[in-house]
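To keep things clear, I will list the structure first and then write my remarks on it.
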Amino acid sequence: MISGPGGPGFSLEESYDAFPRIEAEFGTALDASLGPRGPELLYELVRDLQLGPRATVVDVGCGEGRHSVALAERFGVSVHGVDPVARHLELSNARLAAAAARRPELGQLVRFARGSAESLPLEDRIADVVWCRDVLVHVAALQTAFGEWRRVMRDGGRAIVFHTVATSRLEPREATWLFATLGVVTESTDPTRVEESIAAGGLRVDRRIDLGSDWAVFNEEQTGRSTRKLLHAARLLQDPDRYVARFGRGAYEIELADCFWHVFHMIGKLSDRVYVLSKVP
């Protein structure tokens, strides 16, 4: 008998006689898309809130400002982008200037400031929406962050959060290397701890959407991104000295970890979910 990890045993006859009879048909079935959900989902959630023209969105961990500008463009809302990295703010302002050259009103709608998920440079109760995409894995003080979001949210406001969690498929040694290299807080990838921190911060989960590997599969179907990351990982592992000599050990490890981050999403070691949160009265 042949047995896979945690799976049933199979005879040699099943593996080399029965399965080959359906292998081509099986492959054809797997070539058909399962209709994965993509990043547009987050904007659909904002649309469903039916925000008015005076609404305010806070983009926590805005990065290079792409989502901040897109939110203002799509919905005509004011957006406060907040990020702790000075370089990100420089790039955000450059992106905003380019967008405002096409649509001048954006220059009045979007602004960027230095801050963090745990310390927002904003007044109390100004946000109709807190938007946070792929940031909280880097935040250790989750309860503090959610409490800070509650402070800036208006009554009736919402938080829309995209977050990655680890699954039981992720081996401890893999997690230790991957998270340390990418600056991910291990505890913040634990779904139980995340939801406990949401409650402790004075927020409640109105909706949880378990995406699994949908975004990774969507991007693969659209652009082949994950296949490219897998190919890059193979090359990095095949000849590490070539890339270390050119870019340095630190850059090599970060690039390799980023490749594995995408591949691990595809094979279920990492999983995505979206939360829609509101304030506890």
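Chain lettering (A, B, ...) mirrors the order of the structure tokens, residue numbering begins at 1 for each chain separately, and ligand numbering begins at 1 in order of display.
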
Can you tell me, as a short mmCIF file (atom, residue, chain, number, x, y, z; two decimals) with N, CA and C atoms, in the first residue's frame, which residues in stretch 15-204 of chain A count as strand (DSSP E) by DSSP?
```
data_model
loop_
_atom_site.label_atom_id
_atom_site.label_comp_id
_atom_site.auth_asym_id
_atom_site.auth_seq_id
_atom_site.Cartn_x
_atom_site.Cartn_y
_atom_site.Cartn_z
N THR A 56 -15.84 60.15 5.23
CA THR A 56 -14.39 60.13 5.41
C THR A 56 -13.92 58.70 5.61
N VAL A 57 -12.87 58.34 4.88
CA VAL A 57 -12.25 57.02 4.99
C VAL A 57 -10.84 57.20 5.52
N VAL A 58 -10.45 56.36 6.46
CA VAL A 58 -9.08 56.32 6.96
C VAL A 58 -8.42 55.05 6.44
N ASP A 59 -7.36 55.22 5.66
CA ASP A 59 -6.62 54.10 5.09
C ASP A 59 -5.42 53.82 5.99
N VAL A 60 -5.55 52.79 6.81
CA VAL A 60 -4.52 52.46 7.81
C VAL A 60 -3.44 51.60 7.15
N SER A 78 -13.56 61.77 1.21
CA SER A 78 -12.28 62.25 1.73
C SER A 78 -11.53 61.06 2.30
N VAL A 79 -10.22 61.03 2.07
CA VAL A 79 -9.41 59.90 2.53
C VAL A 79 -8.19 60.42 3.28
N HIS A 80 -7.99 59.89 4.48
CA HIS A 80 -6.77 60.13 5.24
C HIS A 80 -5.91 58.87 5.16
N GLY A 81 -4.80 58.94 4.46
CA GLY A 81 -3.88 57.81 4.40
C GLY A 81 -2.83 57.94 5.48
N VAL A 82 -2.62 56.88 6.24
CA VAL A 82 -1.69 56.90 7.37
C VAL A 82 -0.70 55.75 7.21
N ASP A 83 0.58 56.03 7.37
CA ASP A 83 1.60 55.00 7.24
C ASP A 83 2.82 55.38 8.08
N VAL A 110 -7.74 63.89 -0.76
CA VAL A 110 -6.81 62.92 -0.18
C VAL A 110 -5.66 63.64 0.50
N ARG A 111 -5.29 63.14 1.68
CA ARG A 111 -4.11 63.65 2.37
C ARG A 111 -3.42 62.49 3.07
N PHE A 112 -2.12 62.64 3.28
CA PHE A 112 -1.32 61.57 3.90
C PHE A 112 -0.58 62.11 5.12
N ALA A 113 -0.42 61.25 6.12
CA ALA A 113 0.26 61.64 7.33
C ALA A 113 0.96 60.44 7.93
N ARG A 114 1.99 60.70 8.71
CA ARG A 114 2.73 59.63 9.35
C ARG A 114 2.02 59.19 10.62
N ALA A 127 -14.19 59.11 11.24
CA ALA A 127 -14.14 58.13 10.16
C ALA A 127 -15.47 57.41 9.98
N ASP A 128 -15.97 57.43 8.76
CA ASP A 128 -17.11 56.60 8.41
C ASP A 128 -16.65 55.18 8.09
N VAL A 129 -15.43 55.08 7.57
CA VAL A 129 -14.85 53.77 7.24
C VAL A 129 -13.37 53.79 7.61
N VAL A 130 -12.94 52.74 8.30
CA VAL A 130 -11.51 52.46 8.45
C VAL A 130 -11.19 51.32 7.49
N TRP A 131 -10.26 51.58 6.59
CA TRP A 131 -9.85 50.60 5.58
C TRP A 131 -8.45 50.12 5.94
N CYS A 132 -8.27 48.81 6.03
CA CYS A 132 -6.95 48.27 6.38
C CYS A 132 -6.72 47.01 5.56
N ARG A 133 -5.79 47.10 4.63
CA ARG A 133 -5.55 45.98 3.72
C ARG A 133 -4.15 45.43 3.92
N MET A 153 -13.60 56.15 14.78
CA MET A 153 -14.81 55.81 14.03
C MET A 153 -16.02 56.55 14.57
N ARG A 154 -16.81 57.06 13.66
CA ARG A 154 -18.09 57.64 14.04
C ARG A 154 -19.04 56.53 14.47
N ASP A 155 -20.05 56.88 15.25
CA ASP A 155 -21.10 55.92 15.55
C ASP A 155 -21.75 55.50 14.24
N GLY A 156 -21.88 54.22 14.05
CA GLY A 156 -22.41 53.71 12.80
C GLY A 156 -21.35 53.48 11.74
N GLY A 157 -20.10 53.81 12.05
CA GLY A 157 -19.01 53.59 11.11
C GLY A 157 -18.66 52.11 11.00
N ARG A 158 -17.84 51.80 10.00
CA ARG A 158 -17.42 50.43 9.78
C ARG A 158 -15.91 50.38 9.56
N ALA A 159 -15.33 49.23 9.84
CA ALA A 159 -13.95 48.94 9.45
C ALA A 159 -13.98 47.77 8.49
N ILE A 160 -13.23 47.89 7.41
CA ILE A 160 -13.10 46.82 6.42
C ILE A 160 -11.64 46.38 6.41
N VAL A 161 -11.42 45.13 6.77
CA VAL A 161 -10.07 44.63 7.04
C VAL A 161 -9.78 43.40 6.19
N PHE A 162 -8.70 43.46 5.43
CA PHE A 162 -8.19 42.27 4.74
C PHE A 162 -6.99 41.76 5.53
N HIS A 163 -7.00 40.46 5.87
CA HIS A 163 -5.98 39.94 6.77
C HIS A 163 -5.60 38.52 6.39
N THR A 164 -4.34 38.18 6.60
CA THR A 164 -3.82 36.84 6.33
C THR A 164 -3.61 36.09 7.64
N VAL A 165 -4.05 34.85 7.68
CA VAL A 165 -3.84 33.99 8.85
C VAL A 165 -3.09 32.74 8.43
N ALA A 166 -2.42 32.14 9.39
CA ALA A 166 -1.72 30.88 9.16
C ALA A 166 -2.69 29.72 9.34
N LEU A 203 -14.67 46.49 19.34
CA LEU A 203 -15.33 46.32 18.04
C LEU A 203 -15.98 44.95 17.98
N ARG A 204 -16.87 44.80 17.04
CA ARG A 204 -17.50 43.50 16.85
C ARG A 204 -17.45 43.11 15.38
#
```

Tell me, as a list in words, which residues lie within 8 Å of stretch 183-200 of chain A, counting only C-alpha atoms; anything in the same chain fewer than 5 positions away does not count.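 Everything that qualifies: Leu136, Val137, His138, Val139, Ala140, Leu142, Gln143, Phe146, Gly147, Thr164, Val165, Ala166, Ala175, Leu178 and Val205 of chain A.
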
For a quick check of understanding, using only C-alpha atoms, which of A:Glu171, A:Glu148, A:Glu255, A:Asp272 has the smallest distance to A:Leu120?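 Looking only at the distances to A:Leu120, the closest residue turns out to be A:Glu148.
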
With distances taken over only C-alpha atoms, which residue among A:Ile209, A:Ala245, A:Val263, A:Leu71 lies nearest A:Thr227? A:Val263

Which one is closest to A:Lys229: A:Arg242, A:Leu41, A:Gly212, A:His262? Count only C-alpha atoms.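 Of A:Arg242, A:Leu41, A:Gly212, A:His262, the one nearest A:Lys229 is A:His262, counting only C-alpha atoms.
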